[in-house]
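The next block is model.txt, given as compact mmCIF, C-alpha atoms and all ligand atoms.
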# COMPACT_ATOMS: atom_id res chain seq x y z
CA MET A 1 31.42 25.25 -16.19
CA ARG A 2 32.95 23.09 -13.49
CA ILE A 3 30.69 22.71 -10.47
CA THR A 4 31.90 21.07 -7.26
CA VAL A 5 29.41 20.14 -4.55
CA LEU A 6 29.99 19.25 -0.90
CA ALA A 7 27.34 16.69 -0.01
CA GLY A 8 26.02 14.40 2.71
CA GLY A 9 23.40 11.67 2.25
CA ILE A 10 19.73 12.42 1.62
CA GLY A 11 19.92 16.21 1.30
CA GLY A 12 23.12 15.96 -0.72
CA ALA A 13 21.67 13.28 -2.99
CA LYS A 14 18.46 15.16 -3.76
CA PHE A 15 20.45 18.31 -4.40
CA LEU A 16 22.77 16.47 -6.79
CA THR A 17 19.82 15.34 -8.94
CA GLY A 18 19.15 19.05 -9.41
CA VAL A 19 22.77 19.91 -10.14
CA ARG A 20 22.88 17.13 -12.72
CA ALA A 21 19.63 18.39 -14.32
CA PHE A 22 21.06 21.92 -14.36
CA ALA A 23 24.25 20.67 -16.06
CA GLU A 24 22.28 18.64 -18.61
CA GLN A 25 20.19 21.69 -19.43
CA ARG A 26 23.30 23.80 -20.00
CA GLY A 27 24.74 21.01 -22.14
CA GLN A 28 21.70 21.14 -24.39
CA ASP A 29 22.25 24.86 -24.72
CA GLY A 30 25.78 24.12 -25.91
CA ASP A 31 27.66 24.91 -22.70
CA PRO A 32 28.59 21.58 -21.09
CA SER A 33 29.20 21.41 -17.36
CA GLU A 34 31.18 19.02 -15.29
CA VAL A 35 29.89 18.10 -11.86
CA THR A 36 31.99 16.66 -9.04
CA ALA A 37 30.52 15.69 -5.68
CA ILE A 38 32.70 15.41 -2.59
CA VAL A 39 30.77 13.15 -0.26
CA ASN A 40 30.92 12.75 3.52
CA THR A 41 32.35 9.43 4.71
CA GLY A 42 32.26 10.21 8.43
CA ASP A 43 29.15 8.01 8.78
CA ASP A 44 31.00 4.96 7.45
CA VAL A 45 30.99 1.89 9.62
CA THR A 46 31.86 -1.80 9.63
CA MET A 47 29.06 -4.16 10.61
CA HIS A 48 28.87 -7.94 10.26
CA GLY A 49 32.25 -7.70 8.55
CA LEU A 50 30.88 -5.41 5.85
CA ARG A 51 32.24 -1.96 5.13
CA ILE A 52 29.26 0.39 4.76
CA THR A 53 29.33 3.94 3.37
CA PRO A 54 25.83 5.32 3.95
CA ASP A 55 26.14 8.76 2.36
CA LEU A 56 27.94 7.57 -0.77
CA ASP A 57 25.29 4.87 -1.15
CA SER A 58 22.42 7.35 -0.74
CA VAL A 59 23.97 9.54 -3.42
CA LEU A 60 24.65 6.63 -5.76
CA TYR A 61 21.22 5.03 -5.35
CA THR A 62 19.41 8.36 -5.66
CA LEU A 63 21.25 9.42 -8.82
CA ALA A 64 20.68 5.94 -10.28
CA GLY A 65 16.97 6.21 -9.49
CA VAL A 66 16.92 3.09 -7.30
CA ILE A 67 16.65 4.70 -3.84
CA ASP A 68 13.68 3.91 -1.60
CA THR A 69 12.24 7.42 -1.54
CA GLU A 70 9.82 6.73 1.35
CA ARG A 71 12.50 5.48 3.69
CA GLY A 72 15.13 7.84 2.31
CA TRP A 73 17.93 5.27 2.29
CA GLY A 74 18.62 1.87 0.76
CA ARG A 75 17.15 0.43 -2.38
CA ALA A 76 13.54 0.40 -3.53
CA GLY A 77 11.92 -3.03 -3.59
CA GLU A 78 14.28 -4.22 -0.87
CA SER A 79 13.87 -7.48 1.08
CA TRP A 80 15.27 -8.25 4.54
CA ARG A 81 15.89 -11.99 4.66
CA ILE A 82 19.57 -11.73 5.60
CA LYS A 83 18.79 -9.27 8.40
CA GLN A 84 16.18 -11.72 9.70
CA ALA A 85 18.61 -14.63 9.49
CA LEU A 86 21.26 -12.61 11.37
CA ALA A 87 18.72 -11.77 14.07
CA GLU A 88 17.94 -15.48 14.47
CA TYR A 89 21.63 -16.00 15.26
CA GLY A 90 21.42 -13.19 17.79
CA ALA A 91 24.11 -11.41 15.75
CA GLU A 92 24.61 -7.80 16.81
CA PRO A 93 24.03 -5.05 15.90
CA SER A 94 20.38 -5.78 15.16
CA TRP A 95 19.34 -2.12 15.00
CA PHE A 96 21.03 -1.29 11.70
CA GLY A 97 19.05 -1.73 8.48
CA LEU A 98 20.79 -4.01 6.02
CA GLY A 99 18.68 -5.00 3.03
CA ASP A 100 19.48 -7.98 0.83
CA LEU A 101 20.07 -5.92 -2.33
CA ASP A 102 22.08 -3.36 -0.38
CA ILE A 103 24.30 -6.10 1.04
CA ALA A 104 25.44 -6.94 -2.49
CA THR A 105 26.89 -3.42 -2.71
CA HIS A 106 28.59 -3.81 0.68
CA LEU A 107 30.04 -7.18 -0.34
CA VAL A 108 31.55 -5.75 -3.51
CA ARG A 109 32.95 -2.77 -1.61
CA THR A 110 34.37 -4.85 1.23
CA GLN A 111 35.96 -7.31 -1.16
CA MET A 112 37.64 -4.52 -3.13
CA LEU A 113 38.90 -2.78 0.02
CA ASP A 114 40.25 -6.08 1.35
CA ALA A 115 42.07 -6.56 -1.96
CA GLY A 116 43.81 -3.22 -1.42
CA TYR A 117 41.77 -0.83 -3.51
CA ARG A 118 41.09 2.62 -2.11
CA LEU A 119 37.57 3.80 -1.30
CA SER A 120 37.86 6.24 -4.22
CA ASP A 121 38.61 3.28 -6.55
CA VAL A 122 35.64 1.41 -5.14
CA THR A 123 33.42 4.46 -5.66
CA ALA A 124 34.55 4.67 -9.28
CA ALA A 125 33.81 0.97 -9.75
CA LEU A 126 30.34 1.27 -8.22
CA SER A 127 29.76 4.32 -10.42
CA GLN A 128 30.47 2.12 -13.46
CA ARG A 129 27.54 -0.01 -12.37
CA TRP A 130 25.16 2.84 -11.50
CA GLN A 131 26.18 5.61 -13.91
CA PRO A 132 25.29 8.49 -11.56
CA GLY A 133 26.10 11.09 -14.21
CA VAL A 134 28.33 13.09 -11.88
CA ARG A 135 31.83 12.35 -10.61
CA LEU A 136 31.63 11.03 -7.05
CA LEU A 137 34.59 11.36 -4.71
CA PRO A 138 34.73 10.28 -1.08
CA MET A 139 36.10 13.11 1.07
CA THR A 140 38.95 10.80 2.08
CA ASP A 141 40.18 7.27 1.45
CA GLU A 142 41.17 6.89 5.08
CA ARG A 143 38.85 5.79 7.83
CA CYS A 144 37.61 8.86 9.63
CA GLU A 145 34.49 7.97 11.57
CA THR A 146 32.31 10.36 13.53
CA HIS A 147 31.74 9.38 17.15
CA VAL A 148 29.51 11.04 19.70
CA VAL A 149 30.45 11.64 23.34
CA VAL A 150 27.38 10.60 25.30
CA SER A 151 26.15 9.55 28.69
CA GLY A 152 23.08 7.44 29.54
CA PRO A 153 20.51 6.20 28.77
CA GLY A 154 20.62 4.84 32.34
CA PRO A 155 22.48 6.39 35.32
CA GLU A 156 24.78 3.34 35.35
CA ASP A 157 25.86 3.93 31.72
CA PRO A 158 29.21 5.71 31.71
CA ARG A 159 30.24 8.75 29.74
CA ARG A 160 31.71 7.32 26.52
CA ALA A 161 32.12 7.81 22.79
CA ILE A 162 29.86 5.73 20.56
CA HIS A 163 29.81 5.52 16.78
CA PHE A 164 27.63 8.15 15.12
CA GLN A 165 25.43 5.41 13.60
CA GLU A 166 24.67 4.02 17.05
CA TRP A 167 23.67 7.46 18.32
CA TRP A 168 21.66 8.30 15.18
CA VAL A 169 20.01 5.02 14.30
CA ARG A 170 19.86 3.06 17.55
CA TYR A 171 19.11 5.98 19.88
CA ARG A 172 17.46 8.28 17.29
CA ALA A 173 19.84 11.05 18.46
CA GLY A 174 18.04 10.89 21.80
CA LEU A 175 21.03 10.27 24.08
CA ALA A 176 22.41 13.42 25.68
CA ALA A 177 25.45 14.32 23.57
CA GLU A 178 28.39 16.55 24.50
CA ALA A 179 30.52 16.57 21.39
CA PHE A 180 31.33 15.00 18.04
CA VAL A 181 34.77 13.46 17.54
CA GLN A 182 36.17 12.25 14.23
CA VAL A 183 38.22 9.14 14.97
CA GLY A 184 41.04 8.92 12.42
CA LEU A 185 40.92 12.59 11.42
CA ASP A 186 44.62 13.11 12.17
CA GLN A 187 45.52 10.47 9.56
CA ALA A 188 42.92 11.48 6.96
CA LYS A 189 44.03 13.09 3.71
CA PRO A 190 41.67 14.35 1.02
CA ALA A 191 40.91 11.63 -1.54
CA PRO A 192 42.63 11.99 -4.94
CA GLY A 193 41.03 14.79 -6.94
CA VAL A 194 39.25 16.46 -4.02
CA ILE A 195 41.50 19.49 -3.62
CA GLU A 196 41.82 19.91 -7.40
CA ALA A 197 38.01 19.78 -7.78
CA ILE A 198 37.63 22.62 -5.29
CA ALA A 199 40.58 24.72 -6.46
CA GLY A 200 39.74 24.25 -10.15
CA ALA A 201 35.98 24.81 -9.91
CA ASP A 202 34.03 27.68 -11.42
CA LEU A 203 31.40 27.33 -8.72
CA VAL A 204 31.44 25.51 -5.38
CA LEU A 205 28.08 24.60 -3.87
CA VAL A 206 27.43 23.55 -0.29
CA ALA A 207 24.40 21.23 -0.47
CA PRO A 208 21.53 21.59 2.01
CA SER A 209 23.05 18.77 4.04
CA ASN A 210 23.54 18.36 7.76
CA PRO A 211 25.86 21.29 8.66
CA VAL A 212 27.53 19.38 11.50
CA VAL A 213 27.94 15.70 10.67
CA SER A 214 27.94 15.99 6.85
CA ILE A 215 29.38 19.36 5.79
CA GLY A 216 31.33 19.94 9.02
CA THR A 217 32.92 16.53 8.73
CA ILE A 218 34.06 17.08 5.14
CA LEU A 219 35.52 20.49 5.98
CA ALA A 220 37.49 19.09 8.91
CA VAL A 221 39.61 16.83 6.70
CA ASP A 222 43.09 18.30 6.43
CA GLY A 223 43.23 20.78 3.57
CA ILE A 224 39.59 20.64 2.46
CA GLY A 225 38.32 23.55 4.54
CA GLU A 226 41.34 25.57 3.48
CA ALA A 227 40.73 24.73 -0.19
CA VAL A 228 37.14 25.98 0.06
CA ARG A 229 38.22 29.16 1.83
CA THR A 230 40.88 29.93 -0.77
CA THR A 231 39.44 28.74 -4.09
CA SER A 232 39.00 31.43 -6.73
CA ALA A 233 35.50 30.05 -7.37
CA PRO A 234 32.55 31.61 -5.59
CA VAL A 235 31.03 29.42 -2.86
CA VAL A 236 27.27 29.30 -2.37
CA GLY A 237 25.39 27.32 0.27
CA LEU A 238 21.75 26.32 0.54
CA SER A 239 20.06 26.11 3.92
CA PRO A 240 18.92 22.67 5.11
CA ILE A 241 16.95 24.48 7.80
CA VAL A 242 13.54 25.72 6.67
CA GLY A 243 11.19 27.57 9.00
CA GLY A 244 13.41 26.86 12.01
CA ALA A 245 13.52 23.07 11.52
CA PRO A 246 15.28 20.51 9.35
CA VAL A 247 13.19 19.53 6.34
CA ARG A 248 13.79 15.93 7.26
CA GLY A 249 15.82 14.17 9.93
CA MET A 250 17.34 15.36 13.19
CA ALA A 251 19.95 17.95 12.22
CA ASP A 252 18.56 20.15 15.01
CA ARG A 253 19.94 17.66 17.54
CA CYS A 254 23.41 17.95 15.97
CA LEU A 255 23.30 21.75 15.85
CA ALA A 256 22.31 21.84 19.53
CA VAL A 257 25.42 19.85 20.44
CA ILE A 258 27.68 22.51 18.91
CA GLY A 259 25.55 25.41 20.18
CA VAL A 260 24.26 26.64 16.83
CA PRO A 261 20.60 27.76 16.63
CA THR A 262 18.40 25.72 14.27
CA THR A 263 17.69 28.59 11.91
CA ALA A 264 18.85 29.49 8.41
CA GLU A 265 20.63 32.48 9.94
CA GLY A 266 22.27 30.36 12.64
CA VAL A 267 23.72 27.98 10.09
CA GLY A 268 24.73 30.84 7.78
CA LEU A 269 26.60 32.54 10.63
CA HIS A 270 28.17 29.23 11.61
CA TYR A 271 29.52 28.79 8.07
CA GLY A 272 30.53 32.45 7.99
CA SER A 273 31.69 34.67 5.15
CA ARG A 274 34.83 33.97 3.17
CA ARG A 275 35.74 37.61 3.62
CA ASP A 276 36.14 36.83 7.34
CA GLY A 277 37.83 33.46 6.97
CA GLY A 278 34.58 31.50 6.66
CA LEU A 279 33.00 29.46 3.92
CA LEU A 280 30.38 31.41 2.00
CA ASP A 281 29.99 34.10 -0.62
CA GLY A 282 26.28 33.41 -1.04
CA TRP A 283 23.57 31.80 1.10
CA LEU A 284 20.18 30.74 -0.19
CA VAL A 285 17.46 30.54 2.45
CA HIS A 286 13.85 29.44 2.15
CA SER A 287 11.16 32.04 1.38
CA GLY A 288 10.12 33.68 4.63
CA ASP A 289 13.34 32.80 6.47
CA SER A 290 15.40 35.86 7.19
CA ALA A 291 19.14 35.73 7.61
CA VAL A 292 21.71 38.44 8.06
CA VAL A 293 25.22 37.12 7.55
CA PRO A 294 27.81 39.89 7.31
CA GLY A 295 29.84 39.65 4.11
CA VAL A 296 27.50 37.10 2.50
CA SER A 297 24.87 37.73 -0.20
CA VAL A 298 21.66 36.21 1.10
CA ARG A 299 18.62 35.51 -1.05
CA GLN A 300 15.27 34.01 -0.21
CA ARG A 301 13.65 31.53 -2.57
CA PRO A 302 11.72 28.27 -2.19
CA LEU A 303 14.13 25.54 -1.08
CA LEU A 304 11.98 22.41 -1.03
CA MET A 305 13.58 19.89 -3.38
CA THR A 306 10.40 18.33 -4.72
CA SER A 307 11.87 17.31 -8.09
CA ALA A 308 15.13 17.48 -10.03
CA GLU A 309 13.70 20.27 -12.19
CA VAL A 310 12.67 22.39 -9.21
CA THR A 311 16.08 21.80 -7.63
CA ALA A 312 17.86 22.71 -10.88
CA GLU A 313 16.26 26.16 -10.60
CA MET A 314 17.77 26.50 -7.12
CA VAL A 315 21.17 25.77 -8.65
CA ALA A 316 20.59 28.43 -11.30
CA ASP A 317 19.69 30.93 -8.58
CA ALA A 318 22.74 29.94 -6.55
CA ALA A 319 24.91 30.69 -9.58
CA GLY A 320 23.05 33.93 -10.26
CA LEU A 321 23.58 35.06 -6.67
CA VAL A 322 27.34 35.25 -7.27
CA GLY A 323 27.03 36.77 -10.73
CA ILE A 324 27.32 33.65 -12.89
CA SER A 325 24.81 34.00 -15.70
CA THR A 326 22.94 30.83 -16.65
P1 LIG B 401 22.02 12.52 5.59
O1 LIG B 401 23.51 12.28 5.51
O2 LIG B 401 21.22 11.41 4.97
O3 LIG B 401 21.55 12.94 6.93
O4 LIG B 401 21.74 13.70 4.61
P2 LIG B 401 22.40 15.13 4.43
O5 LIG B 401 23.34 15.49 5.51
O6 LIG B 401 22.88 15.26 3.03
O7 LIG B 401 21.13 16.02 4.49
C1 LIG B 401 20.28 16.10 5.62
C2 LIG B 401 19.60 17.44 5.56
O8 LIG B 401 18.89 17.56 4.31
C3 LIG B 401 18.56 17.62 6.64
O9 LIG B 401 19.05 18.54 7.58
C4 LIG B 401 17.35 18.18 5.88
O10 LIG B 401 16.83 19.34 6.49
C5 LIG B 401 17.91 18.52 4.51
N1 LIG B 401 16.91 18.40 3.47
C6 LIG B 401 16.26 17.29 3.07
N2 LIG B 401 15.36 17.58 2.10
C7 LIG B 401 15.46 18.92 1.89
C8 LIG B 401 14.78 19.86 1.02
O11 LIG B 401 13.90 19.50 0.23
N3 LIG B 401 15.17 21.17 1.11
C9 LIG B 401 16.13 21.59 1.98
N4 LIG B 401 16.43 22.90 1.98
N5 LIG B 401 16.78 20.75 2.81
C10 LIG B 401 16.44 19.45 2.75
CA CA B 402 24.89 10.98 6.60

Rewrite the structure from the file as structure tokens, please.
Amino acid sequence: MRITVLAGGIGGAKFLTGVRAFAEQRGQDGDPSEVTAIVNTGDDVTMHGLRITPDLDSVLYTLAGVIDTERGWGRAGESWRIKQALAEYGAEPSWFGLGDLDIATHLVRTQMLDAGYRLSDVTAALSQRWQPGVRLLPMTDERCETHVVVSGPGPEDPRRAIHFQEWWVRYRAGLAAEAFVQVGLDQAKPAPGVIEAIAGADLVLVAPSNPVVSIGTILAVDGIGEAVRTTSAPVVGLSPIVGGAPVRGMADRCLAVIGVPTTAEGVGLHYGSRRDGGLLDGWLVHSGDSAVVPGVSVRQRPLLMTSAEVTAEMVADAAGLVGIST
């Protein structure tokens, strides 16, 4: 079975540990699966001359078992001497976390990109090092960076577009935001293999990732949304919203910007049914969350990803929801 997953950072990464466990389990039963993850790169940014890809790194570090699980990003056992030394120079930005071990990854990536390799080549090279056990593809090789139209914090601060990382990390999504804009979207093409992975899948899964700045960003790349809407594979999503709130993080702030209620039903309706030109055939919501999404099979089940094994059972239920026996 070929499974293709649309994924952001933390939620996408945790979900992928479950998809990998599910595939390994099937492999032991004699039915090998192939997992491809298409990862959001809208959060990517250049800082201190380093090209940084936060969601790809979260996925890579999580699948390699080296993520800092408390913090939710970066490597476990990290030290911060370079960040400190940069601060002593007064080098900006000072609000972005750059650990010493993490910087090694950014140096390798930046060097490869400067030498002319594509981000998808870099991702393959980093996967050689970390052996994530699934095929990782950036959504695009082109730069396509999410910006946020904001005003404030002071009355003298003009209305302007700032990089998503500045809004999210520096201002903790606390600056009044009007809209998200993907700078570079008009030039962005799906990375090699992305369209094929969607069109050739037996099952497409939409991870419980941020619906706006992770999943929404991936779907906006020319041809990707269309590929998901037209693939012959069933498409099943899992709600990142549990009990009317994100499990972790500030996805509610992003949903508010686009006028979508922070509920499992709100996100399900936002994605919509494939029958009506939307995204989903199936939608898994957390036990106790109700959702009516016309044209979509909805099922309640626990959606807290407490371990790879627990998450693998969610994947089995997602497959079962669209009639794939596991
Ligand atoms: P980011 O790029 O690091 O922000 O990560 P993603 O976009 O992949 O995922 C963020 C979303 O993951 C948040 O909206 C969380 O609600 C969701 N999330 C995190 N842990 C869980 C979990 O255990 N269960 C569910 N259903 N969602 C989760
Ligand atoms: Ca992200």

Test item: residues lying within 6 Å of ligand LIG 401 (chain B) with all atoms listed in the file, as a short mmCIF file (atom, residue, chain, number, x, y, z; two decimals) with C-alpha atoms, keeping the file's coordinate frame:
data_model
loop_
_atom_site.label_atom_id
_atom_site.label_comp_id
_atom_site.auth_asym_id
_atom_site.auth_seq_id
_atom_site.Cartn_x
_atom_site.Cartn_y
_atom_site.Cartn_z
CA ALA A 7 27.34 16.69 -0.01
CA GLY A 8 26.02 14.40 2.71
CA GLY A 9 23.40 11.67 2.25
CA ILE A 10 19.73 12.42 1.62
CA GLY A 11 19.92 16.21 1.30
CA GLY A 12 23.12 15.96 -0.72
CA ASP A 55 26.14 8.76 2.36
CA PRO A 208 21.53 21.59 2.01
CA SER A 209 23.05 18.77 4.04
CA ASN A 210 23.54 18.36 7.76
CA SER A 214 27.94 15.99 6.85
CA SER A 239 20.06 26.11 3.92
CA PRO A 240 18.92 22.67 5.11
CA ILE A 241 16.95 24.48 7.80
CA PRO A 246 15.28 20.51 9.35
CA VAL A 247 13.19 19.53 6.34
CA ARG A 248 13.79 15.93 7.26
CA GLY A 249 15.82 14.17 9.93
CA ALA A 251 19.95 17.95 12.22
CA LEU A 303 14.13 25.54 -1.08
CA LEU A 304 11.98 22.41 -1.03
CA MET A 305 13.58 19.89 -3.38
#

Within 12 Å of ligand CA 402 (chain B) (all atoms listed in the file), residues as an MDAnalysis selection string
chainID A and resid 7:13 39:45 52:59 72:73 145:146 164:165 168:169 209:218 249:251 254

Might you pull out every residue within 8 Å of Ala64 of chain A, with only C-alpha atoms counted and same-chain residues fewer than 3 positions away left off, and present them as a ChimeraX atom specification?
/A:60-61,67,130-132

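Distances to Arg229 of chain A were evaluated for A:Gly200, A:Val315, A:Arg275, A:Ala191 using all atoms listed in the file, and the minimum falls at A:Arg275.
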
Nearest to Arg299 of chain A among A:Thr262, A:Gly30, A:Gly237, A:Leu219, with distances taken over only C-alpha atoms: which residue is it?
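Distance minimum relative to Arg299 of chain A lands on A:Gly237.
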
Please, what is the axis-aligned box for every listed atom of segment 76-95 of chain A with 8 Å on each side, as centre and edge lengths in Å to one decimal, as lines of an AutoDock Vina configuration file?
center_x = 18.3
center_y = -7.8
center_z = 7.1
size_x = 28.7
size_y = 32.4
size_z = 37.4

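Residues with any atom within 12 Å of the point (19.1, 18.1, -19.6), counting only C-alpha atoms, are Thr17, Gly18, Val19, Arg20, Ala21, Phe22, Ala23, Glu24, Gln25, Arg26, Gly27, Gln28, Asp29, Gly30, Asp31, Pro32, Ser33, Gly133, Ala308, Glu309 and Ala312 of chain A.
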
Could you pull out every residue with an atom within 12 Å of (26.0, 33.1, 2.8), file coordinates, counting only C-alpha atoms, and send them as number ranges by chain?
A: 205-206, 234-239, 264-276, 278-285, 290-300, 318, 321-322

If we count all atoms listed in the file and set the cut-off at 12 Å, which residues sit around Tyr171 of chain A, ignoring sequence neighbours fewer than 2 positions away in its own chain? Please answer as a PyMOL selection string.
chain A and resi 95-96+148+150-153+162-169+173-177+250+253

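Atom pair atom CA of Ile324 of chain A / atom CA of Leu137 of chain A has a distance of 24.8 Å (rounded to one decimal).
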
So what do you get for atom CA of Asp317 of chain A versus atom CA of Ser127 of chain A, distance-wise?
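Taking atom CA of Asp317 of chain A and atom CA of Ser127 of chain A, their separation equals 28.5 Å.
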
Measure the distance from atom CA of Ala207 of chain A to atom CA of Asp252 of chain A in Å and round it to one decimal.
16.6 Å

At a cut-off of 9 Å, using only C-alpha atoms, what residues contact Asp186 of chain A? Leave out same-chain residues fewer than 2 positions from it and give the result as JSON, numbers by chain.
{"A": [144, 182, 183, 184, 188, 189, 221, 222]}

Save the residues we just selected, C-alpha atoms, as a PDB file, in the frame of the given file?
ATOM      1  CA  CYS A 144      37.610   8.860   9.630  1.00  0.00           C
ATOM      2  CA  GLN A 182      36.170  12.250  14.230  1.00  0.00           C
ATOM      3  CA  VAL A 183      38.220   9.140  14.970  1.00  0.00           C
ATOM      4  CA  GLY A 184      41.040   8.920  12.420  1.00  0.00           C
ATOM      5  CA  ALA A 188      42.920  11.480   6.960  1.00  0.00           C
ATOM      6  CA  LYS A 189      44.030  13.090   3.710  1.00  0.00           C
ATOM      7  CA  VAL A 221      39.610  16.830   6.700  1.00  0.00           C
ATOM      8  CA  ASP A 222      43.090  18.300   6.430  1.00  0.00           C
TER       9      ASP A 222
END

For Val228 of chain A, which residue out of A:Ala197, A:Ala87, A:Ile103, A:Leu98 is the nearest one, using only C-alpha atoms?
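Distance minimum relative to Val228 of chain A lands on A:Ala197.
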
Find the residue from A:Arg129, A:His106, A:His48, A:Arg135 that sits nearest to Thr4 of chain A; use only C-alpha atoms when measuring.
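Checking each of A:Arg129, A:His106, A:His48, A:Arg135 against Thr4 of chain A, counting only C-alpha atoms, the winner is A:Arg135.
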
Among listed residues A:Gly99, A:Gly116, A:Gly193, A:Pro158, nearest Leu136 of chain A (using all atoms listed in the file)
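Of A:Gly99, A:Gly116, A:Gly193, A:Pro158, the one nearest Leu136 of chain A, counting all atoms listed in the file, is A:Gly193.
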